[in-house]
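Peer 1: Pasting a structure below so you can have a look.
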Amino acid sequence: MSNYLETKFNDIHFKNPVIPASGTFGFGREYEAFYDLAKLGGLCSKGLTLEPKSGNTGMRLWETPAGLMNSIGLENPGIDAFIENEWPHLKEIDTVTIVNVGGKDEESYLTAIEKLNAIDAQLIELNISCPNVKAGGMAYGIKAETAGEITRKVVEISRHPIMVKLSPNGEAVADIARACEDAGAQGISLINTLQGMAIDYRKKAVVFDNLYAGLSGPAVKPIALRMAHQVCQAVKIPVMAMGGISDWKDALEFIMAGATCIQIGTINFNNPMAPLEIIAGLEAYCINEGLANIGEVRGIV
Amino acid sequence: MSNYLETKFNDIHFKNPVIPASGTFGFGREYEAFYDLAKLGGLCSKGLTLEPKSGNTGMRLWETPAGLMNSIGLENPGIDAFIENEWPHLKEIDTVTIVNVGGKDEESYLTAIEKLNAIDAQLIELNISCPNVKAGGMAYGIKAETAGEITRKVVEISRHPIMVKLSPNGEAVADIARACEDAGAQGISLINTLQGMAIDYRKKAVVFDNLYAGLSGPAVKPIALRMAHQVCQAVKIPVMAMGGISDWKDALEFIMAGATCIQIGTINFNNPMAPLEIIAGLEAYCINEGLANIGEVRGIV
Amino acid sequence: MAVILSNTLVSAGVFKMTVAFTGVVKPGQFFMLRAWDKDPLLSRPISVHDYESGQLTFLYQVVGKGTEILAKLQADDEVTIQGPYGNGFPEIIGDLCIVGGGIGTAPLYYLLRHYRDQNPIGKCRVYLGFRDIAYGIEAFASLADEVVLDVGGIITHKLSVLPGETVVTCGPELMMAAVANAVPAENTVYVSLEAHMACGIGACLGCTCETRSGNKKVCKDGPVFVREEVFNV
Amino acid sequence: MAVILSNTLVSAGVFKMTVAFTGVVKPGQFFMLRAWDKDPLLSRPISVHDYESGQLTFLYQVVGKGTEILAKLQADDEVTIQGPYGNGFPEIIGDLCIVGGGIGTAPLYYLLRHYRDQNPIGKCRVYLGFRDIAYGIEAFASLADEVVLDVGGIITHKLSVLPGETVVTCGPELMMAAVANAVPAENTVYVSLEAHMACGIGACLGCTCETRSGNKKVCKDGPVFVREEVFNV
Ligand SMILES: Cc1cc2nc3c(=O)[nH]c(=O)nc-3n(C[C@H](O)[C@H](O)[C@H](O)COP(=O)(O)OP(=O)(O)OC[C@H]3O[C@@H](n4cnc5c(N)ncnc54)[C@H](O)[C@@H]3O)c2cc1C
Ligand SMILES: Cc1cc2nc3c(=O)[nH]c(=O)nc-3n(C[C@H](O)[C@H](O)[C@H](O)COP(=O)(O)OP(=O)(O)OC[C@H]3O[C@@H](n4cnc5c(N)ncnc54)[C@H](O)[C@@H]3O)c2cc1C
Ligand SMILES: Cc1cc2nc3c(=O)[nH]c(=O)nc-3n(C[C@H](O)[C@H](O)[C@H](O)COP(=O)(O)O)c2cc1C
Ligand SMILES: Cc1cc2nc3c(=O)[nH]c(=O)nc-3n(C[C@H](O)[C@H](O)[C@H](O)COP(=O)(O)O)c2cc1C
Ligand code: FES
Ligand code: FES
């Protein structure tokens, strides 16, 4: 194993900058049938909340041209059950584990974060951008002021570094990123899903019980790349970018736009081997271009 | 010809609610080789500015998954040349002609609008949402306050009804729509293109001289449908919706979301006959569903 | 990637595809099929219609973009298949009563064949309902003790389940709910559910269904459930 | 929709497709080709390589998604073609000097054949440059008075244009610019440009190029321009 892809995200060492995205990878177990998770740069847990959540009723998935809409609504077993049942398994995997945390109000965020102080995660991804839950979720993530506030409070009480996951549905994303940086965030990730709508014309009805849902997949890549670029220009803390990455070329473009790491979401459903193929593709790129490390093209545009 | 599709947009009578979108249809002439433009509900001119504009340099088109990015930059002959060379032809076509107007500052908008008072257009589409020009363009369209202001001034001096075309890249689109309604707009159209970015990894460079560009096409439909729905819920004036419509089913969904008319953009490039096929599809739908008029399903969701 | 051995029309809009595959496959399990790159984005869940000596068969109805592409494939073409996924039907002890509706008959044929292999003296009765045109009846008839066919009607009007029979049903949700309600409480009833799926392996939580014991994943915990779990009976 | 008569590999990654078509087609014009529904979204501009007795031929290089799909088509398949579009080459009076680079040779063959038909006693010399592998040389050789071939070099190093010759060039932009600079001002030089295109008919303004007389559309006002219009010479 060479070190073409080794990457530092602050002082966290990643074997490579490729990480399956929250909510598209469960807690990893399901993908162990496909490959050794230790080959990944890291992995990111399904979004967790303080209490268990049963998620949204009704249709949860709807395919769109080059995209996928989901309305999962943060179904998850809750922080306690996660720590008890998933963490012991996750922490044994030789890769960086990122814990994704959502909340419905300030208190639930803070209590969840405090509980996580009990485990040794390497990074927490603070999800203030889920468009699929009624309370909390995206509400914090669409205004710089509220995003900064919740970040400040979370950073204060967490013993883990906090990476804030931004929404593409709010005010100028660079402003929000700066507010999070000022509030002490150690990293930014983006984008969460774009708010969209589906109508089933046959049924003359909306598809999702929750009315709107989150759009992801290749369709959104140009928007995600623009926002990643804006945020990389705006902040000094490292950025983990995602949105529609489907192959190593897409991944490379986000790195060229300035991203330190990249996350792989929806494409896992199309091709479970996608993360490994992206790692292999980036490595081959380094070799073909004569790069000692992928970092040499980071932020090159 | 039956009247399944006849539609009133305020007191403007449309044969059908299907209108090719600004910038994707030139001034109509090119499509006359394909069909009789009088079959359309209406047509919308390329975006015009007071002065002639040569548009953006460098690459102007870039395909994306189920989408198209463009960086035309409002290349157009200017209002005077339009009135002299294009209007005499356009006004003879037995359909509703919408004139799309952009500007770089307040004065240029107002002067352009004043000049248009000389012709008998049926509707002006006020473009405050072009992401591809440096001055003006989208700047007015991403904040409710500025959108309302420019609308008020334009409405005041125009003898034509004003439909304001909104950007999907700004603050909550419903707020912007309400501000325009309050300022006297007689209609809303949306969405203009979503701001995106493209990188040519082979060249290690951004694709567009203007850095970012506008994304349109089927990829953006879920987002456009959500925004159309939000705006239809928010205002009482009629809405002309667009964004990724590629067939009659898509068109129907926008109508079910509340749109009075719909515009057909990028898909014209894939299939020049798309508008006529959409008209035929909507008509067949009315017949099959036993509707006397398509209006019976408008806003049904 | 699996090589297609045949892919033929069996009835209006219904195709049977056989591919080469080696593995252990239970009745009621499904595969995720894809014969395209990224358009459409997702693979399509299709049940195992039959599996024998390295030949895996699917029976599918053309309803949209994905199945349209599948229907165009020919022998020697390749198709990406992931699986087998899902719990599958349990081993049936005693007599069996199968109730299939439309394309929901697809997984039931393999169930019947497997049942016959395991249980040569058990009795098996089959109810098959179709909206317009029936298909695949002979295959069931060759293995079942009795086949009751219904076209255009409501299958539960004909259905009478015998004491001791285990009922297995697959078809439109309304039909399965009607079966679940019609069959006496003493009989065990298994239903095979459908849901839109992204991953097919339990990672996305897109196929969740509500059950008496909380949310379950149709792809991983199902698609087969005991009726009481998923229907209010 | 046009029926494909043949579609064969002529060199590494280069295919020749012949389709049935009836109409008037000038050398230098192009068609917008599509053999897919909406993925990719746009049609692909491809020049006319030859046209005779209802047979329209394209010569194309596989470089991405669209041309990959085209390359997979077979005789009897259908392809959507819109066109012919563009101005095409002017009628050449007097002697002709053709300078083609790589796949840029595609439109030049039809030009040469047409020139020979119209101008049986005119002289025509042909320069053809390729990076790695040459193709299509014999076809040019059978009609031209002289063919100069260059593989892996720089064609303008070999180029010497005779007084009175009209020069027509198509190939990589850098090559065309070099030709435009190398040829004496007394000779007329026509270049055939490329640009990404959405509509192909002048409606989207996506293919604009700057010329001495303002913006022009490559699809409608071009793709053929006089060198002085588009290059600084
Ligand atoms: C476990 C399981 C087993 C199945 N077995 C069979 C089978 O053996 N034979 C058969 O013909 N069909 C079967 N289906 C249904 C089959 O998956 C759908 O008909 C198919 O996905 C439709 O795809 P499409 O692209 O043709 O239709 P589209 O409507 O274009 O599909 C759009 C999206 O909706 C999803 N979708 C649409 N209808 C269904 C549905 N009924 N169930 C699940 N997802 C759907 C698609 O997967 C896709 O993601 C099964 C479904 C499940 C969940
Ligand atoms: C007037 C004209 C005539 C042409 N004639 C020929 C010909 O005879 N033979 C031939 O092999 N090629 C020709 N080309 C180039 C051909 O259009 C491209 O190679 C082709 O569009 C690439 O499509 P793709 O999907 O394979 O590649 P991709 O790179 O995947 O295409 C992505 C997008 O970029 C566009 N694009 C990429 N390269 C070019 C290019 N060089 N020119 C224009 N658009 C491009 C595509 O049309 C598409 O919209 C011509 C181009 C023009 C403008
Ligand atoms: C089915 C599904 C579930 C998701 N769940 C979560 C989640 O729990 N928490 C979160 O922060 N993001 C969640 N996301 C968003 C993804 O992590 C990612 O931000 C988004 O999908 C964009 O990336 P992509 O286009 O590569 O999928 C989910 C996305 C999908 C498709
Ligand atoms: C090539 C191109 C040029 C455009 N030019 C204009 C314009 O001049 N004025 C304007 O208001 N919108 C312009 N638009 C935006 C479209 O009118 C429309 O709002 C957008 O493309 C979304 O619709 P669609 O997805 O159906 O294309 C342009 C879009 C494209 C693709
Ligand atoms: S389809 Fe993803 S969990 Fe079932
Ligand atoms: S391709 Fe649209 S104007 Fe030339």
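Following the order of the structure tokens, first chain is A, next is B, and so on, with residues numbered from 1 inside each chain and ligands from 1 in the order they appear.
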Residues up to 7 Å from ligand 4, counting only C-alpha atoms and all ligand atoms: could you list those as a VMD selection string?
Peer 2: (chain B and resid 21 to 24 46 to 48 68 to 70 72 74 100 127 129 to 130 165 190 to 193 216 to 218 220 to 221 242 to 245 263 to 267) or (chain D and resid 204 to 206)
Peer 1: Mind listing as a list of chain:residue names which residues of chain A are within 7 Å of chain B, counting only C-alpha atoms?
Peer 2: A:Pro65, A:Ala66, A:Gly170, A:Glu171, A:Gln195, A:Gly196, A:Met197, A:Ala198, A:Ile199, A:Tyr201, A:Lys204, A:Ala205, A:Val206, A:Tyr212, A:Pro218, A:Ala219, A:Pro222, A:Ile223, A:Leu225, A:Arg226, A:Glu253, A:Ile300, A:Val301
Peer 1: Counting only C-alpha atoms, a student should be able to say which residues of chain D come within 12 Å of chain C; what is the right answer, written as a PyMOL selection string?
Peer 2: chain D and resi 36-41+65
Peer 1: With N, CA, C and O atoms kept, could you save the residues just selected as an mmCIF file, in the first residue's frame?
Peer 2:
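Okay, this is what ended up in selection38.cif:
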data_model
loop_
_atom_site.group_PDB
_atom_site.id
_atom_site.type_symbol
_atom_site.label_atom_id
_atom_site.label_comp_id
_atom_site.auth_asym_id
_atom_site.auth_seq_id
_atom_site.Cartn_x
_atom_site.Cartn_y
_atom_site.Cartn_z
ATOM 1 N N TRP D 36 -30.420 7.548 -28.330
ATOM 2 C CA TRP D 36 -30.794 7.329 -26.950
ATOM 3 C C TRP D 36 -31.968 8.251 -26.674
ATOM 4 O O TRP D 36 -32.328 9.099 -27.493
ATOM 5 N N ASP D 37 -32.567 8.067 -25.514
ATOM 6 C CA ASP D 37 -33.728 8.873 -25.187
ATOM 7 C C ASP D 37 -33.263 10.188 -24.539
ATOM 8 O O ASP D 37 -33.126 11.195 -25.220
ATOM 9 N N LYS D 38 -32.977 10.149 -23.240
ATOM 10 C CA LYS D 38 -32.583 11.397 -22.581
ATOM 11 C C LYS D 38 -31.271 11.277 -21.816
ATOM 12 O O LYS D 38 -30.942 12.133 -21.007
ATOM 13 N N ASP D 39 -30.557 10.203 -22.030
ATOM 14 C CA ASP D 39 -29.267 10.036 -21.341
ATOM 15 C C ASP D 39 -28.240 9.547 -22.325
ATOM 16 O O ASP D 39 -28.280 8.386 -22.689
ATOM 17 N N PRO D 40 -27.325 10.361 -22.781
ATOM 18 C CA PRO D 40 -27.167 11.774 -22.447
ATOM 19 C C PRO D 40 -28.302 12.634 -23.005
ATOM 20 O O PRO D 40 -29.087 12.182 -23.822
ATOM 21 N N LEU D 41 -28.320 13.863 -22.532
ATOM 22 C CA LEU D 41 -29.441 14.744 -22.857
ATOM 23 C C LEU D 41 -29.371 15.273 -24.290
ATOM 24 O O LEU D 41 -30.391 15.425 -24.953
ATOM 25 N N LYS D 65 -19.412 9.306 -23.904
ATOM 26 C CA LYS D 65 -20.643 8.552 -23.743
ATOM 27 C C LYS D 65 -21.482 8.432 -25.025
ATOM 28 O O LYS D 65 -21.956 7.362 -25.382
#
Peer 1: Counting only C-alpha atoms and all ligand atoms, which protein, DNA or RNA residues come within 7 Å of ligand 6, given as a list in words?
Peer 2: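 If we count only C-alpha atoms and all ligand atoms, the neighbours of ligand 6 turn out to be His196, Met197, Ala198, Cys199, Gly200, Ile201, Gly202, Ala203, Cys204, Leu205, Gly206, Cys207, Thr208, Lys217, Val218, Cys219 and Lys220 of chain D.
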Peer 1: How would you report the residues lying within 9 Å of ligand 1, as a short mmCIF file (atom, residue, chain, number, x, y, z; two decimals) with N, CA and C atoms, in the first residue's frame, if you count only C-alpha atoms and all ligand atoms?
Peer 2:
data_model
loop_
_atom_site.label_atom_id
_atom_site.label_comp_id
_atom_site.auth_asym_id
_atom_site.auth_seq_id
_atom_site.Cartn_x
_atom_site.Cartn_y
_atom_site.Cartn_z
N LEU A 61 -38.77 6.35 -0.91
CA LEU A 61 -37.79 6.43 -2.00
C LEU A 61 -38.51 6.73 -3.30
N TRP A 62 -37.92 7.55 -4.12
CA TRP A 62 -38.51 7.86 -5.43
C TRP A 62 -37.38 8.21 -6.37
N GLU A 63 -37.30 7.48 -7.43
CA GLU A 63 -36.22 7.73 -8.39
C GLU A 63 -36.55 8.92 -9.27
N THR A 64 -35.55 9.69 -9.61
CA THR A 64 -35.73 10.83 -10.52
C THR A 64 -34.61 10.75 -11.57
N LEU A 68 -32.13 10.54 -6.80
CA LEU A 68 -32.95 9.74 -5.90
C LEU A 68 -33.53 10.70 -4.86
N VAL C 14 -45.24 -9.66 -20.19
CA VAL C 14 -44.59 -10.47 -19.15
C VAL C 14 -43.47 -11.30 -19.78
N PHE C 15 -42.30 -11.23 -19.17
CA PHE C 15 -41.13 -11.91 -19.72
C PHE C 15 -40.55 -12.89 -18.72
N GLY C 28 -38.67 -17.31 -2.49
CA GLY C 28 -39.09 -16.10 -1.80
C GLY C 28 -37.98 -15.06 -1.72
N GLN C 29 -36.76 -15.47 -2.05
CA GLN C 29 -35.68 -14.49 -2.09
C GLN C 29 -35.74 -13.74 -3.42
N PHE C 30 -34.98 -12.66 -3.48
CA PHE C 30 -34.97 -11.86 -4.72
C PHE C 30 -33.56 -11.42 -5.04
N PHE C 31 -33.39 -10.94 -6.24
CA PHE C 31 -32.13 -10.35 -6.68
C PHE C 31 -32.38 -8.89 -7.07
N MET C 32 -31.33 -8.10 -7.01
CA MET C 32 -31.38 -6.74 -7.55
C MET C 32 -30.78 -6.81 -8.95
N LEU C 33 -31.57 -6.43 -9.95
CA LEU C 33 -31.13 -6.54 -11.34
C LEU C 33 -30.82 -5.17 -11.94
N PRO C 40 -31.67 4.02 -15.50
CA PRO C 40 -31.97 4.62 -14.19
C PRO C 40 -30.88 4.33 -13.16
N LEU C 41 -30.99 5.02 -12.04
CA LEU C 41 -29.92 4.97 -11.05
C LEU C 41 -29.94 3.67 -10.26
N LEU C 42 -31.13 3.18 -9.96
CA LEU C 42 -31.25 2.04 -9.04
C LEU C 42 -31.40 0.72 -9.78
N SER C 43 -31.03 -0.36 -9.09
CA SER C 43 -31.32 -1.70 -9.57
C SER C 43 -32.78 -2.02 -9.25
N ARG C 44 -33.30 -3.08 -9.89
CA ARG C 44 -34.70 -3.45 -9.69
C ARG C 44 -34.79 -4.77 -8.95
N PRO C 45 -35.58 -4.82 -7.87
CA PRO C 45 -35.77 -6.09 -7.16
C PRO C 45 -36.69 -7.02 -7.94
N ILE C 46 -36.23 -8.21 -8.20
CA ILE C 46 -37.05 -9.21 -8.90
C ILE C 46 -36.89 -10.55 -8.18
N SER C 47 -38.01 -11.18 -7.91
CA SER C 47 -38.02 -12.44 -7.17
C SER C 47 -37.45 -13.58 -8.00
N VAL C 48 -37.03 -14.60 -7.30
CA VAL C 48 -36.60 -15.82 -7.97
C VAL C 48 -37.86 -16.59 -8.39
N HIS C 49 -37.98 -16.84 -9.66
CA HIS C 49 -39.13 -17.58 -10.17
C HIS C 49 -38.81 -19.07 -10.19
N PHE C 58 -36.18 -15.59 -13.73
CA PHE C 58 -37.04 -14.51 -13.26
C PHE C 58 -38.27 -14.41 -14.15
N LEU C 59 -39.38 -14.05 -13.56
CA LEU C 59 -40.59 -13.77 -14.33
C LEU C 59 -40.97 -12.34 -14.00
N TYR C 60 -41.03 -11.49 -15.00
CA TYR C 60 -41.26 -10.08 -14.67
C TYR C 60 -42.17 -9.40 -15.67
N GLN C 61 -42.84 -8.41 -15.13
CA GLN C 61 -43.78 -7.64 -15.92
C GLN C 61 -43.15 -6.30 -16.28
N VAL C 62 -43.35 -5.87 -17.50
CA VAL C 62 -42.82 -4.57 -17.92
C VAL C 62 -43.76 -3.48 -17.45
N VAL C 63 -43.26 -2.64 -16.54
CA VAL C 63 -44.11 -1.57 -16.02
C VAL C 63 -43.48 -0.20 -16.18
N GLY C 64 -42.17 -0.14 -16.38
CA GLY C 64 -41.52 1.16 -16.45
C GLY C 64 -40.16 1.03 -17.11
N LYS C 65 -39.36 2.03 -16.86
CA LYS C 65 -38.08 2.16 -17.54
C LYS C 65 -37.15 0.96 -17.35
N GLY C 66 -37.03 0.52 -16.11
CA GLY C 66 -36.09 -0.56 -15.82
C GLY C 66 -36.51 -1.87 -16.47
N THR C 67 -37.74 -2.24 -16.26
CA THR C 67 -38.20 -3.50 -16.82
C THR C 67 -38.26 -3.43 -18.35
N GLU C 68 -38.46 -2.24 -18.89
CA GLU C 68 -38.40 -2.10 -20.36
C GLU C 68 -37.00 -2.46 -20.87
N ILE C 69 -36.00 -1.98 -20.17
CA ILE C 69 -34.63 -2.30 -20.60
C ILE C 69 -34.38 -3.80 -20.46
N LEU C 70 -34.81 -4.37 -19.35
CA LEU C 70 -34.62 -5.82 -19.15
C LEU C 70 -35.25 -6.60 -20.31
N TYR C 85 -31.12 -11.96 -2.00
CA TYR C 85 -31.40 -11.15 -0.82
C TYR C 85 -32.74 -11.54 -0.21
N GLY C 86 -32.93 -11.15 1.03
CA GLY C 86 -34.22 -11.38 1.69
C GLY C 86 -34.27 -12.71 2.42
N ILE C 103 -48.52 -10.78 -11.37
CA ILE C 103 -47.08 -11.05 -11.40
C ILE C 103 -46.61 -11.54 -10.02
N GLY C 104 -47.46 -11.39 -9.02
CA GLY C 104 -47.16 -11.95 -7.69
C GLY C 104 -47.04 -13.47 -7.70
N THR C 105 -47.46 -14.08 -8.79
CA THR C 105 -47.27 -15.53 -8.90
C THR C 105 -45.79 -15.88 -9.10
N ALA C 106 -44.98 -14.89 -9.48
CA ALA C 106 -43.58 -15.17 -9.85
C ALA C 106 -42.82 -15.98 -8.80
N PRO C 107 -42.76 -15.52 -7.55
CA PRO C 107 -41.97 -16.28 -6.56
C PRO C 107 -42.64 -17.57 -6.14
N PRO C 172 -50.94 -8.14 -5.47
CA PRO C 172 -51.21 -6.75 -5.08
C PRO C 172 -51.52 -6.66 -3.58
N SER C 192 -45.82 -11.92 1.05
CA SER C 192 -44.54 -11.42 0.52
C SER C 192 -44.76 -9.99 0.06
N LEU C 193 -44.11 -9.05 0.74
CA LEU C 193 -44.37 -7.63 0.49
C LEU C 193 -43.49 -7.04 -0.59
N GLU C 194 -43.93 -5.92 -1.09
CA GLU C 194 -43.11 -5.13 -2.01
C GLU C 194 -42.86 -3.76 -1.41
N ALA C 195 -41.74 -3.17 -1.76
CA ALA C 195 -41.47 -1.79 -1.38
C ALA C 195 -40.43 -1.26 -2.35
N HIS C 196 -40.46 0.03 -2.59
CA HIS C 196 -39.37 0.63 -3.37
C HIS C 196 -38.07 0.40 -2.61
N MET C 197 -37.04 0.03 -3.32
CA MET C 197 -35.77 -0.29 -2.67
C MET C 197 -34.62 0.46 -3.33
N ALA C 198 -33.67 0.88 -2.52
CA ALA C 198 -32.46 1.48 -3.09
C ALA C 198 -31.31 0.49 -2.96
N GLY C 200 -31.30 -2.68 -1.14
CA GLY C 200 -31.66 -4.10 -1.16
C GLY C 200 -31.01 -4.92 -0.06
N CYS C 207 -36.98 0.94 2.59
CA CYS C 207 -38.05 -0.03 2.34
C CYS C 207 -38.77 -0.42 3.63
N VAL C 218 -38.14 -4.43 4.51
CA VAL C 218 -38.69 -5.42 3.58
C VAL C 218 -37.56 -6.20 2.92
N CYS C 219 -36.46 -5.52 2.63
CA CYS C 219 -35.39 -6.18 1.87
C CYS C 219 -34.64 -7.21 2.68
N GLY C 222 -37.64 -9.04 5.48
CA GLY C 222 -38.65 -9.64 4.60
C GLY C 222 -37.97 -10.14 3.37
N PRO C 223 -38.63 -10.24 2.25
CA PRO C 223 -39.97 -9.70 1.99
C PRO C 223 -41.09 -10.54 2.58
N VAL C 224 -40.76 -11.71 3.17
CA VAL C 224 -41.82 -12.58 3.66
C VAL C 224 -42.09 -12.31 5.14
#
Peer 1: Please identify the alpha helix (DSSP H) residues within segment 142-229 of chain A (assignment by DSSP from backbone atoms) and present them as a compact mmCIF listing (two decimals) with N, CA and C atoms, in the first residue's frame.
Peer 2:
# COMPACT_ATOMS: atom_id res chain seq x y z
N ALA A 144 -27.26 31.41 8.80
CA ALA A 144 -25.92 31.48 9.38
C ALA A 144 -25.99 31.66 10.88
N GLU A 145 -26.93 32.47 11.34
CA GLU A 145 -26.98 32.78 12.76
C GLU A 145 -27.26 31.54 13.61
N THR A 146 -28.32 30.83 13.25
CA THR A 146 -28.68 29.65 14.04
C THR A 146 -27.64 28.54 13.89
N ALA A 147 -27.08 28.44 12.71
CA ALA A 147 -26.05 27.42 12.50
C ALA A 147 -24.85 27.70 13.40
N GLY A 148 -24.47 28.97 13.48
CA GLY A 148 -23.34 29.34 14.33
C GLY A 148 -23.64 29.07 15.79
N GLU A 149 -24.84 29.42 16.20
CA GLU A 149 -25.22 29.24 17.61
C GLU A 149 -25.15 27.79 18.07
N ILE A 150 -25.79 26.93 17.30
CA ILE A 150 -25.82 25.53 17.73
C ILE A 150 -24.40 24.94 17.67
N THR A 151 -23.65 25.36 16.69
CA THR A 151 -22.27 24.86 16.59
C THR A 151 -21.47 25.26 17.83
N ARG A 152 -21.59 26.51 18.22
CA ARG A 152 -20.82 27.00 19.37
C ARG A 152 -21.13 26.16 20.60
N LYS A 153 -22.41 25.92 20.81
CA LYS A 153 -22.80 25.18 22.02
C LYS A 153 -22.32 23.74 21.95
N VAL A 154 -22.41 23.15 20.81
CA VAL A 154 -21.97 21.76 20.66
C VAL A 154 -20.47 21.64 20.85
N VAL A 155 -19.74 22.54 20.21
CA VAL A 155 -18.28 22.50 20.31
C VAL A 155 -17.85 22.62 21.77
N GLU A 156 -18.55 23.48 22.49
CA GLU A 156 -18.21 23.72 23.89
C GLU A 156 -18.24 22.45 24.74
N ILE A 157 -19.24 21.63 24.50
CA ILE A 157 -19.40 20.48 25.40
C ILE A 157 -18.85 19.18 24.84
N VAL A 173 -24.36 29.62 1.22
CA VAL A 173 -23.74 28.54 1.98
C VAL A 173 -22.38 28.97 2.54
N ALA A 174 -21.71 29.85 1.86
CA ALA A 174 -20.41 30.31 2.35
C ALA A 174 -20.57 31.09 3.66
N ASP A 175 -21.64 31.86 3.76
CA ASP A 175 -21.90 32.60 5.00
C ASP A 175 -22.13 31.64 6.16
N ILE A 176 -22.89 30.60 5.88
CA ILE A 176 -23.19 29.63 6.93
C ILE A 176 -21.90 28.93 7.36
N ALA A 177 -21.10 28.57 6.38
CA ALA A 177 -19.83 27.90 6.69
C ALA A 177 -18.94 28.78 7.56
N ARG A 178 -18.87 30.04 7.20
CA ARG A 178 -18.05 30.97 8.00
C ARG A 178 -18.57 31.09 9.42
N ALA A 179 -19.87 31.14 9.54
CA ALA A 179 -20.46 31.23 10.89
C ALA A 179 -20.08 30.01 11.71
N CYS A 180 -20.08 28.84 11.10
CA CYS A 180 -19.72 27.62 11.82
C CYS A 180 -18.24 27.63 12.18
N GLU A 181 -17.43 28.08 11.25
CA GLU A 181 -16.00 28.17 11.53
C GLU A 181 -15.75 29.11 12.71
N ASP A 182 -16.40 30.26 12.66
CA ASP A 182 -16.23 31.22 13.75
C ASP A 182 -16.69 30.64 15.07
N LYS A 221 -24.78 16.93 -8.68
CA LYS A 221 -23.34 17.16 -8.60
C LYS A 221 -22.91 18.58 -8.96
N PRO A 222 -23.42 19.17 -10.05
CA PRO A 222 -22.94 20.51 -10.38
C PRO A 222 -23.22 21.53 -9.27
N ILE A 223 -24.34 21.37 -8.59
CA ILE A 223 -24.69 22.28 -7.51
C ILE A 223 -23.78 22.03 -6.31
N ALA A 224 -23.58 20.76 -6.00
CA ALA A 224 -22.72 20.40 -4.87
C ALA A 224 -21.29 20.89 -5.09
N LEU A 225 -20.83 20.74 -6.32
CA LEU A 225 -19.45 21.16 -6.62
C LEU A 225 -19.30 22.67 -6.46
N ARG A 226 -20.30 23.39 -6.92
CA ARG A 226 -20.27 24.85 -6.76
C ARG A 226 -20.23 25.22 -5.28
N MET A 227 -21.09 24.58 -4.50
CA MET A 227 -21.15 24.93 -3.08
C MET A 227 -19.86 24.51 -2.36
N ALA A 228 -19.33 23.36 -2.71
CA ALA A 228 -18.07 22.92 -2.10
C ALA A 228 -16.99 23.95 -2.40
N HIS A 229 -16.95 24.41 -3.65
CA HIS A 229 -15.95 25.40 -4.04
C HIS A 229 -16.13 26.70 -3.26
Peer 1: So how many Å separate atom CA of Thr57 of chain C and atom CA of Leu112 of chain C, to one decimal?
Peer 2: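 Separation of atom CA of Thr57 of chain C and atom CA of Leu112 of chain C: 14.4 Å.
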Peer 1: When DSSP is applied to the backbone of this structure, which of segment 57-249 of chain A are assigned strand (DSSP E or B)? Write them out as JSON, numbers by chain.
Peer 2: {"A": [61, 62, 63, 64, 67, 68, 69, 70, 76, 96, 97, 98, 99, 100, 101, 123, 124, 125, 126, 127, 162, 163, 164, 165, 187, 188, 189, 190, 194, 195, 196, 197, 199, 200, 205, 206, 212, 213, 214, 215, 216, 239, 240, 241]}
Peer 1: Please identify all polymer residues within 8 Å of segment 147-154 of chain D, counting only C-alpha atoms, omitting same-chain residues fewer than 6 positions from it, and present them as an NGL selection string.
Peer 2: :D and (125-134 or 140-141)
Peer 1: Using atom CA of Ser213 of chain C and atom CA of Val226 of chain C as the two end points, give the distance in Å to one decimal.
Peer 2: 11.8 Å
Peer 1: Restricting the calculation to only C-alpha atoms and all ligand atoms, which member of A:Gly258, A:Pro131, A:Pro17, A:Gly28 is positioned closest to ligand 3?
Peer 2: A:Pro131
Peer 1: Can you tell me, as a ChimeraX atom specification, what residues are no more than 10 Å from Ser158 of chain A when counting only C-alpha atoms, ignoring any on the same chain fewer than 5 positions away?
Peer 2: /A:110,112-117,124,153
Peer 1: With C-alpha atoms kept, could you save the residues just selected as a tab-separated table (two decimals), in the first residue's frame?
Peer 2:
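Resulting contents of part_26.tsv:
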chain	number	residue	atom	x	y	z
A	110	LEU	CA	-26.48	18.73	23.37
A	112	ALA	CA	-26.70	13.45	22.36
A	113	ILE	CA	-23.29	15.05	22.04
A	114	GLU	CA	-22.65	14.63	25.74
A	115	LYS	CA	-23.51	10.97	25.60
A	116	LEU	CA	-21.08	10.53	22.75
A	117	ASN	CA	-18.34	11.89	24.99
A	124	ILE	CA	-18.59	13.96	14.82
A	153	LYS	CA	-22.80	25.18	22.02
